[in-house]
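Heads up: the structure comes next, in structure tokens.
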Amino acid sequence: MAYLDHAATTPMLPEALDAYVAAARQVGNASSLHAAGRGARRLVEESRERIAAVLGARPSEVIFTSGGTESDNLATKGLFWARRTASRNRVIASAVEHHAVMDAVHWLGEHEGAEVGWLPVDATGRVDPSSVELGDDVAVISVQWANNEVGTIQPIAELAAIAAAAGVPFHTDAVQAVGQIPVDFGASGAAALTVTGHKLGGPVGVGALLLGRDVDCTPLLHGGGQERDVRSGTLDTPGVVAFAVAVEAAVKTQEEYAARIGALRDELVTRVRDAVPDAVENGDLASRLPGHAHFSFPGCEGDALLLLLDAKGIACSTGSACSAGVAQPSHVLLAMGADDDRARSSLRFTLGHTSTRADVDALLAALPGAVERARRATAWKTPR
């Protein structure tokens, strides 16, 4: 199989898997006071320190969660609830957010009476900082560090500075960014940042919210009061340990990774353009994640093209894996100004640490025929 869907999930790094197995052989609840519990607590705190050190945070700012979706919900809802007043009832997010943020914002509007505002993006998927105006009515703003579909990188430092000047906490979903581009929580100016394990070589089901030590956040979960009383629940000690190893490894090898994967991505892009000349490349081609390549294939249904490629052993995506199988056009491309047909005809190819030229070769061997078949199917279905 040629696996070209690393933005959905990427294989665990060998060192992270080894760390998980070693920690899983030990017993102990990190909240228990006996020796076994203290041993588990030591592993958790060492992991917290390792993550903080490579992401520019203080250890106390690392709040362990079950992953990106929980962290995004905790930040979006928790910061809103902590700051909401009768006159401060507005939540703002970019129009191209991952559904973990977008749906949380919609929920706040529908169930909590929040006033919702969406920041527009340009044709590349980028938020223009000059278009952002924040009043006293804004409780929280969220803009992802890099887009999960088209890979466009946002001007996070500029946006965070605007939010800080207005006294509004700024959250950024950096799930796709960590390990691919430099990410420094402290230097960014963000009040909260989401990261997860399975996008960078760690296990599924563990992540973190980096939360400024002076930032108030109302918890989603109540119970044992773990994680600064912001996120209750027994910690997955082996998962936390493996997550820390993966984050550390991904950050420390980021520059080398970006150079290798970026070059392979550029080769993929060139060869796709040669093989399918009318394919339309989406995103900010000058400022995007090194592993992302996103195309629209005119005359094709993205889902049909995906399945045709899958039959040839090529794994890719039509967009976010969290919304896969939902028959609707990409909200990201629609926000970028694409029409419905272009938004429905898109595929995302994403590379990762296990990617090789053989994966690209396999894609290009299958793609032209798959596009031709998908176009014939679409033409057959179109009313005359």
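Letters A, B, ... go to the chains of the structure tokens in the order shown; residues in each chain start at 1; ligands are counted from 1 in the same order.
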Residues at most 9 Å from A:Ala164, counting only C-alpha atoms, excluding those fewer than 4 positions away in the same chain, as a compact mmCIF listing (two decimals) with N, CA, C and O atoms, in the first residue's frame?
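Saved file around_23.txt follows:
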```
# COMPACT_ATOMS: atom_id res chain seq x y z
N LEU A 159 -1.78 37.46 14.52
CA LEU A 159 -3.14 37.32 15.02
C LEU A 159 -3.18 37.29 16.55
O LEU A 159 -4.05 37.90 17.18
N ALA A 160 -2.22 36.59 17.15
CA ALA A 160 -2.16 36.53 18.61
C ALA A 160 -1.88 37.90 19.20
O ALA A 160 -2.40 38.24 20.27
N VAL A 168 -8.08 39.61 24.55
CA VAL A 168 -8.86 38.42 24.22
C VAL A 168 -7.94 37.21 24.15
O VAL A 168 -6.93 37.24 23.43
N PRO A 169 -8.23 36.13 24.86
CA PRO A 169 -7.38 34.93 24.77
C PRO A 169 -7.45 34.32 23.37
O PRO A 169 -8.53 34.19 22.79
N PHE A 170 -6.29 33.95 22.86
CA PHE A 170 -6.17 33.42 21.50
C PHE A 170 -5.81 31.95 21.57
O PHE A 170 -4.80 31.58 22.18
N GLY A 189 2.59 33.94 21.47
CA GLY A 189 1.64 34.86 22.07
C GLY A 189 0.27 34.25 22.30
O GLY A 189 -0.64 34.94 22.77
N ALA A 190 0.10 32.98 21.94
CA ALA A 190 -1.19 32.32 22.14
C ALA A 190 -1.45 32.06 23.62
O ALA A 190 -0.52 31.85 24.40
N ALA A 191 -2.73 32.06 23.99
CA ALA A 191 -3.13 31.71 25.35
C ALA A 191 -3.32 30.21 25.50
O ALA A 191 -3.18 29.66 26.60
```
For this session: Output as a PyMOL selection string all residues of stretch 155-344 of chain A that backbone DSSP marks as alpha helix (DSSP H).
Result: chain A and resi 156-165+185-188+237-252+254-275+302-311+331-335+340-344
Problem set entry | Shell around A:Gly352 at 7 Å using only C-alpha atoms, local window under 5 positions removed, as an MDAnalysis selection string | chainID A and resid 6 10 261 291
Residue subset to file, keeping N, CA and C atoms, as an mmCIF file, in the first residue's frame:
```cif
data_model
loop_
_atom_site.group_PDB
_atom_site.id
_atom_site.type_symbol
_atom_site.label_atom_id
_atom_site.label_comp_id
_atom_site.auth_asym_id
_atom_site.auth_seq_id
_atom_site.Cartn_x
_atom_site.Cartn_y
_atom_site.Cartn_z
ATOM 1 N N HIS A 6 -1.037 10.863 5.768
ATOM 2 C CA HIS A 6 -0.395 11.084 7.066
ATOM 3 C C HIS A 6 -1.043 12.200 7.870
ATOM 4 N N THR A 10 -0.460 9.076 11.344
ATOM 5 C CA THR A 10 0.827 8.615 10.842
ATOM 6 C C THR A 10 1.329 7.473 11.723
ATOM 7 N N ILE A 261 10.778 15.813 3.258
ATOM 8 C CA ILE A 261 9.383 15.624 2.874
ATOM 9 C C ILE A 261 8.929 16.726 1.923
ATOM 10 N N GLY A 291 4.382 18.586 4.010
ATOM 11 C CA GLY A 291 3.855 17.293 3.616
ATOM 12 C C GLY A 291 2.543 17.340 2.863
#
```
Closest atom pairs, stretch 273-354 of chain A residues within 7 Å of stretch 136-153 of chain A, only C-alpha atoms, as a tab-separated table:
```
residue	atom	partner	partner_atom	distance
A:Asn282	CA	A:Val150	CA	6.2
A:Gly283	CA	A:Val150	CA	5.0
A:Asp284	CA	A:Thr152	CA	5.3
A:Ser287	CA	A:Ile153	CA	5.8
A:Arg288	CA	A:Thr152	CA	4.3
A:Leu289	CA	A:Gly151	CA	5.0
A:His292	CA	A:Gly151	CA	5.5
A:Ala293	CA	A:Val150	CA	6.9
A:His294	CA	A:Val150	CA	5.5
A:Gly319	CA	A:Glu149	CA	5.3
A:Ser320	CA	A:Glu149	CA	6.3
A:Arg348	CA	A:Glu149	CA	6.6
```
Exercise. Quick one: of A:Trp118, A:Trp81, A:Phe297, A:Tyr257, who's nearest to A:Asp341, counting only C-alpha atoms?
Worked result: A:Phe297
Exercise. Within 7 Å of A:Phe295, counting only C-alpha atoms, which residues qualify if same-chain residues fewer than 6 places away don't, as a count of residues only?
Worked result: 7
For this session: Considering only C-alpha atoms, return as a VMD selection string whatever protein or nucleic-acid residues lie within 12 Å of A:Leu308, sequence-local ones (same chain, fewer than 4 positions apart) excluded.
Result: chain A and resid 300 to 304 312 to 317 363 366 to 375 377
Problem set entry | Expected answer as a ChimeraX atom specification: strand (DSSP E or B) residues in stretch 31-197 of chain A | /A:62-65,90-94,115-119,138-142,146,152-153,170-173,178,181,192-196
Would you mind listing what lies within 10 Å of A:Arg228 as a compact mmCIF listing (two decimals) with C-alpha atoms, in the first residue's frame, with only C-alpha atoms counted and same-chain residues fewer than 3 positions away left out?
```
# COMPACT_ATOMS: atom_id res chain seq x y z
CA SER A 60 2.59 23.60 34.37
CA GLU A 61 1.11 24.80 31.07
CA VAL A 62 0.91 21.27 29.60
CA ILE A 63 -2.56 19.83 30.21
CA ARG A 213 -0.62 29.58 33.55
CA PRO A 219 -13.39 22.39 32.62
CA GLY A 225 -9.30 17.42 39.64
CA ARG A 231 -9.12 18.18 32.91
CA SER A 232 -10.19 15.48 35.35
```
Seminar exercise, completed: Shortest contact to A:Asp278, candidates A:Gly223, A:Asp103, A:Arg342, A:Val360, atoms counted only C-alpha atoms, goes to A:Arg342
For this session: Would you mind telling me which residue in A:Gly67, A:Gln26, A:Ala163, A:Ser94 lies nearest to A:His198 when using only C-alpha atoms?
Result: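 Of the candidates, the smallest distance to A:His198 is held by A:Gly67.
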